[in-house]
Each structure stands twice: as structure tokens, then as C-alpha cells.
$ cat input13.cif   # mmCIF, C-alpha atoms
data_model
loop_
_atom_site.group_PDB
_atom_site.id
_atom_site.type_symbol
_atom_site.label_atom_id
_atom_site.label_comp_id
_atom_site.auth_asym_id
_atom_site.auth_seq_id
_atom_site.Cartn_x
_atom_site.Cartn_y
_atom_site.Cartn_z
ATOM 1 C CA MET A 1 19.200 -17.867 2.456
ATOM 2 C CA THR A 2 16.780 -16.860 5.193
ATOM 3 C CA THR A 3 15.445 -13.343 5.616
ATOM 4 C CA THR A 4 13.628 -12.423 8.811
ATOM 5 C CA LEU A 5 11.067 -9.636 8.891
ATOM 6 C CA THR A 6 7.764 -8.668 10.435
ATOM 7 C CA LEU A 7 5.007 -9.215 7.902
ATOM 8 C CA ASN A 8 1.499 -8.004 8.666
ATOM 9 C CA GLY A 9 2.319 -7.961 12.364
ATOM 10 C CA GLN A 10 3.942 -11.407 12.587
ATOM 11 C CA SER A 11 7.630 -12.221 12.660
ATOM 12 C CA ILE A 12 8.483 -14.570 9.803
ATOM 13 C CA SER A 13 11.533 -16.094 8.189
ATOM 14 C CA VAL A 14 11.527 -16.426 4.422
ATOM 15 C CA ASP A 15 13.801 -18.905 2.672
ATOM 16 C CA ALA A 16 14.277 -17.154 -0.659
ATOM 17 C CA ASP A 17 16.937 -15.462 -2.715
ATOM 18 C CA PRO A 18 17.732 -12.181 -0.940
ATOM 19 C CA ALA A 19 18.114 -10.591 -4.387
ATOM 20 C CA ALA A 20 14.518 -11.499 -5.307
ATOM 21 C CA LEU A 21 12.111 -8.600 -5.667
ATOM 22 C CA LEU A 22 9.919 -8.178 -2.607
ATOM 23 C CA VAL A 23 6.763 -8.131 -4.750
ATOM 24 C CA ASN A 24 7.604 -11.553 -6.202
ATOM 25 C CA VAL A 25 8.335 -13.052 -2.779
ATOM 26 C CA LEU A 26 5.068 -11.679 -1.400
ATOM 27 C CA ARG A 27 3.018 -13.011 -4.295
ATOM 28 C CA ASP A 28 4.812 -16.221 -5.264
ATOM 29 C CA ASP A 29 6.337 -17.491 -2.018
ATOM 30 C CA LEU A 30 3.891 -16.119 0.559
ATOM 31 C CA SER A 31 0.646 -16.122 -1.516
ATOM 32 C CA LEU A 32 -0.143 -12.486 -0.642
ATOM 33 C CA THR A 33 -1.549 -11.546 -4.029
ATOM 34 C CA GLY A 34 -3.159 -8.249 -2.994
ATOM 35 C CA THR A 35 0.138 -6.576 -3.852
ATOM 36 C CA HIS A 36 -0.121 -6.265 -7.622
ATOM 37 C CA ILE A 37 2.522 -6.197 -10.317
ATOM 38 C CA GLY A 38 1.684 -3.508 -12.829
ATOM 39 C CA CYS A 39 4.662 -2.039 -14.609
ATOM 40 C CA ASP A 40 7.825 -3.539 -13.053
ATOM 41 C CA THR A 41 9.454 -0.111 -13.331
ATOM 42 C CA SER A 42 8.170 1.773 -10.269
ATOM 43 C CA GLN A 43 5.832 3.895 -12.367
ATOM 44 C CA CYS A 44 2.325 2.715 -11.431
ATOM 45 C CA GLY A 45 2.235 2.125 -7.659
ATOM 46 C CA ALA A 46 0.124 -1.049 -7.869
ATOM 47 C CA CYS A 47 2.820 -2.810 -5.824
ATOM 48 C CA ASN A 48 2.844 -0.359 -2.888
ATOM 49 C CA VAL A 49 3.327 -1.876 0.548
ATOM 50 C CA LEU A 50 4.122 -0.173 3.831
ATOM 51 C CA LEU A 51 7.729 -0.506 4.953
ATOM 52 C CA ASP A 52 8.085 0.606 8.561
ATOM 53 C CA GLY A 53 4.817 2.483 8.026
ATOM 54 C CA GLU A 54 5.774 4.315 4.825
ATOM 55 C CA PRO A 55 4.603 3.340 1.326
ATOM 56 C CA VAL A 56 7.273 1.848 -0.928
ATOM 57 C CA LYS A 57 7.105 0.198 -4.314
ATOM 58 C CA ALA A 58 7.785 -3.494 -3.802
ATOM 59 C CA CYS A 59 8.652 -4.019 -7.484
ATOM 60 C CA THR A 60 11.966 -2.223 -7.033
ATOM 61 C CA MET A 61 12.814 -3.428 -3.525
ATOM 62 C CA LEU A 62 14.900 -6.501 -2.845
ATOM 63 C CA LEU A 63 13.899 -9.010 -0.188
ATOM 64 C CA ALA A 64 17.236 -8.373 1.545
ATOM 65 C CA GLN A 65 16.201 -4.737 2.072
ATOM 66 C CA ALA A 66 13.294 -5.954 4.219
ATOM 67 C CA GLU A 67 15.574 -7.797 6.657
ATOM 68 C CA GLY A 68 14.583 -6.842 10.209
ATOM 69 C CA ARG A 69 11.934 -4.402 8.994
ATOM 70 C CA GLU A 70 8.157 -4.249 9.193
ATOM 71 C CA VAL A 71 6.259 -4.882 5.960
ATOM 72 C CA THR A 72 2.505 -4.434 5.740
ATOM 73 C CA THR A 73 0.529 -5.545 2.710
ATOM 74 C CA VAL A 74 -3.097 -4.722 1.975
ATOM 75 C CA GLU A 75 -4.010 -8.095 3.522
ATOM 76 C CA GLY A 76 -2.583 -6.905 6.842
ATOM 77 C CA LEU A 77 -4.634 -3.725 7.179
ATOM 78 C CA ALA A 78 -8.013 -4.998 8.413
ATOM 79 C CA GLU A 79 -8.282 -5.871 12.088
ATOM 80 C CA GLY A 80 -10.844 -8.159 13.649
ATOM 81 C CA GLY A 81 -12.953 -8.228 10.508
ATOM 82 C CA GLN A 82 -13.046 -4.413 10.352
ATOM 83 C CA LEU A 83 -11.624 -2.684 7.314
ATOM 84 C CA HIS A 84 -8.855 -0.170 7.907
ATOM 85 C CA PRO A 85 -10.316 3.376 7.738
ATOM 86 C CA MET A 86 -8.614 3.959 4.370
ATOM 87 C CA GLN A 87 -10.042 0.730 2.944
ATOM 88 C CA ALA A 88 -13.510 1.638 4.234
ATOM 89 C CA ALA A 89 -13.228 5.103 2.705
ATOM 90 C CA PHE A 90 -12.360 3.621 -0.707
ATOM 91 C CA LYS A 91 -15.448 1.434 -0.441
ATOM 92 C CA GLU A 92 -17.727 4.293 0.653
ATOM 93 C CA ALA A 93 -16.422 6.890 -1.825
ATOM 94 C CA HIS A 94 -16.200 4.333 -4.646
ATOM 95 C CA GLY A 95 -12.514 5.100 -5.061
ATOM 96 C CA LEU A 96 -12.125 2.107 -7.364
ATOM 97 C CA GLN A 97 -13.412 0.672 -10.569
ATOM 98 C CA CYS A 98 -11.637 -2.425 -11.812
ATOM 99 C CA GLY A 99 -9.738 -2.634 -8.512
ATOM 100 C CA PHE A 100 -6.296 -3.362 -9.926
ATOM 101 C CA CYS A 101 -4.692 -0.173 -8.618
ATOM 102 C CA THR A 102 -6.762 -0.054 -5.429
ATOM 103 C CA PRO A 103 -4.390 -1.853 -3.019
ATOM 104 C CA GLY A 104 -1.519 0.414 -4.058
ATOM 105 C CA MET A 105 -3.731 3.505 -3.853
ATOM 106 C CA VAL A 106 -4.894 2.522 -0.358
ATOM 107 C CA MET A 107 -1.285 2.151 0.782
ATOM 108 C CA ALA A 108 -0.371 5.482 -0.818
ATOM 109 C CA GLY A 109 -3.385 7.048 0.908
ATOM 110 C CA ILE A 110 -2.230 5.789 4.295
ATOM 111 C CA GLY A 111 1.150 7.377 3.671
ATOM 112 C CA ILE A 112 -0.490 10.664 2.679
ATOM 113 C CA ALA A 113 -2.593 10.656 5.856
ATOM 114 C CA ARG A 114 0.447 9.931 8.006
ATOM 115 C CA ARG A 115 2.476 12.717 6.405
ATOM 116 C CA HIS A 116 -0.277 15.346 6.174
ATOM 117 C CA GLY A 117 -2.701 14.502 8.981
ATOM 118 C CA GLY A 118 -6.455 14.238 8.936
ATOM 119 C CA ASP A 119 -7.285 16.983 6.451
ATOM 120 C CA PRO A 120 -5.046 16.927 3.377
ATOM 121 C CA GLY A 121 -6.311 19.216 0.638
ATOM 122 C CA GLU A 122 -7.241 17.967 -2.822
ATOM 123 C CA ASP A 123 -4.108 19.527 -4.289
ATOM 124 C CA VAL A 124 -1.903 17.808 -1.701
ATOM 125 C CA VAL A 125 -3.490 14.412 -2.371
ATOM 126 C CA ALA A 126 -3.269 14.875 -6.145
ATOM 127 C CA HIS A 127 0.409 15.856 -5.916
ATOM 128 C CA GLU A 128 1.209 13.000 -3.523
ATOM 129 C CA LEU A 129 -0.428 10.481 -5.874
ATOM 130 C CA GLU A 130 2.113 11.140 -8.612
ATOM 131 C CA GLY A 131 3.578 7.758 -9.444
ATOM 132 C CA ASN A 132 0.298 5.938 -8.752
ATOM 133 C CA LEU A 133 -1.645 5.240 -11.916
ATOM 134 C CA CYS A 134 -5.264 4.320 -12.487
ATOM 135 C CA ARG A 135 -6.450 3.620 -16.006
ATOM 136 C CA CYS A 136 -10.153 3.490 -15.136
ATOM 137 C CA THR A 137 -10.947 6.702 -13.295
ATOM 138 C CA GLY A 138 -10.346 10.414 -13.410
ATOM 139 C CA TYR A 139 -9.001 10.168 -9.840
ATOM 140 C CA VAL A 140 -11.891 12.257 -8.448
ATOM 141 C CA ASN A 141 -13.233 9.461 -6.242
ATOM 142 C CA ILE A 142 -9.737 8.264 -5.368
ATOM 143 C CA VAL A 143 -8.860 11.721 -4.048
ATOM 144 C CA LYS A 144 -12.218 11.881 -2.250
ATOM 145 C CA ALA A 145 -11.578 8.451 -0.692
ATOM 146 C CA ILE A 146 -8.083 9.354 0.478
ATOM 147 C CA ARG A 147 -9.309 12.579 2.040
ATOM 148 C CA ALA A 148 -12.138 10.724 3.815
ATOM 149 C CA GLY A 149 -9.775 7.968 4.913
ATOM 150 C CA ALA A 150 -7.323 10.531 6.278
ATOM 151 C CA ARG A 151 -10.145 12.169 8.259
ATOM 152 C CA ASP A 152 -11.203 8.785 9.603
ATOM 153 C CA MET A 153 -7.627 7.915 10.529
ATOM 154 C CA GLY A 154 -7.481 11.189 12.483
ATOM 155 C CA ALA A 155 -4.901 13.918 12.762
ATOM 156 C CA GLY A 156 -2.462 11.542 14.404
ATOM 157 C CA ALA A 157 -2.701 9.170 11.435
#
$ encode --input "input13.cif" --output "C-alpha cells"
Amino acid sequence: MTTTLTLNGQSISVDADPAALLVNVLRDDLSLTGTHIGCDTSQCGACNVLLDGEPVKACTMLLAQAEGREVTTVEGLAEGGQLHPMQAAFKEAHGLQCGFCTPGMVMAGIGIARRHGGDPGEDVVAHELEGNLCRCTGYVNIVKAIRAGARDMGAGA
């Protein structure tokens, strides 16, 4: 069966089982491996993508749920060779270590900036990151990166 959606700014049709998990279609059928599979239970956030601009966990979303919608993966954030402001902030603030959780954290950070504007407090970011796990850090630089990325995205994030 064919599912049509906008993926990273381009309209595409995917010939896959509509009951397949979006994360598996992205990785296995479309070779977009920046979306990671961590826990398969919606606990870790490594699979976050943007669905119509809001972060969702692709490990618990069916392909059919993406029909006619806009999906953005971490691969679709940079424009013209320039990192998205949230990606650049993670690089600058060293909001990563092993990098496994980073794509999901970046997507969560974009959602935080869009919901809370250009100056979310540390407590807001920490609360909003519930459900996004990192095994390498104490989250200090992740929070710092998200706050910097939100500032760089601007109040109209």
C-alpha cells in the first residue's frame, strides 16, 4: 500500500505496510538512519522526529498516521550546508557525548523552543526533556544547548 507524506520538505510516496512503525520505514526503507531506535517503548526519545512541526516518538507511530502529514527527521534540519540553530547549539555547547540520543534531543529541543519561545528556563527545559534519556551525560550541557538553540531560533521559534 502507498502512503503519501511530506518528508524533509519533499512530497514522497512510500510503498510499505501502513501498519509498519514509522521509525522502521525511515531507517529501513528510506535509509534515514539519523532517527535512532533506542527502547522501542517510547521511553528514551532517541526516535524523535517532527510531525507537523511537533516532536513525536517514531517508535510508537504507524506509517499510516503520517499520511498527508509533514515529517522532518534530523537529516532534514540543515539548510544549504548550514546547521539548524538547535544543531549548531548542540555542537557549540557540547550537548552530546556518544551522540546516540543527540538527534532525538535536538528534535525535542526544537519542540521546546517552539512551545516556550527564545528563553526557556533551565527548569522548563529539564521538565520538558522527561521521556528523553541520555546515558552519557548529566544533562547540564544538553539543557545549555537547548537554551542556546532556543535563543538562536528566536522568540518566534
$ residues_around --input "input13.cif" --residues "A:His127" --least-positions-apart "4" --cutoff "12 Å" --atoms "only C-alpha atoms" --output "list in words"
Ala108, Gly109, Ile112, Pro120, Gly121, Glu122, Asp123, Gly131, Asn132, Tyr139 and Val143 of chain A
$ residues_around --input "input13.cif" --residues "A:Arg27" --least-positions-apart "6" --cutoff "10 Å" --atoms "all atoms listed in the file" --output "list of chain:residue names"
A:Thr33, A:Gly34, A:Thr35, A:His36, A:Ile37
$ closest_atom_pairs --input "input13.cif" --of "stretch 33-151 of chain A" --to "stretch 20-26 of chain A" --cutoff "10 Å" --atoms "all atoms listed in the file" --output "CSV"
residue,atom,partner,partner_atom,distance
A:Thr33,CA,A:Leu26,CA,7.1
A:Gly34,CA,A:Leu26,CA,9.1
A:Thr35,CA,A:Val23,CA,6.9
A:His36,CA,A:Val23,CA,7.7
A:Ile37,CA,A:Val23,CA,7.3
A:Asp40,CA,A:Val23,CA,9.5
A:Cys47,CA,A:Val23,CA,6.7
A:Asn48,CA,A:Val23,CA,8.9
A:Val49,CA,A:Val23,CA,8.9
A:Lys57,CA,A:Val23,CA,8.3
A:Ala58,CA,A:Val23,CA,4.8
A:Cys59,CA,A:Val23,CA,5.3
A:Thr60,CA,A:Leu21,CA,6.5
A:Met61,CA,A:Leu22,CA,5.6
A:Leu62,CA,A:Leu21,CA,4.5
A:Leu63,CA,A:Leu22,CA,4.7
A:Ala64,CA,A:Ala20,CA,8.0
A:Gln65,CA,A:Leu22,CA,8.6
A:Ala66,CA,A:Leu22,CA,7.9
A:Val71,CA,A:Leu22,CA,9.9
A:Thr73,CA,A:Leu26,CA,8.7
$ residues_around --input "input13.cif" --residues "A:Phe90" --least-positions-apart "5" --cutoff "10 Å" --atoms "all atoms listed in the file" --output "PyMOL selection string"
chain A and resi 85+95-96+102-103+105-106+109+141-149
$ closest_residue --input "input13.cif" --among "A:Met1, A:Ala78, A:Val140, A:Val125" --to "A:Ser13" --atoms "only C-alpha atoms"
A:Met1
$ closest_residue --input "input13.cif" --among "A:Ala150, A:Ala16, A:Val74, A:Leu51" --to "A:His116" --atoms "all atoms listed in the file"
A:Ala150
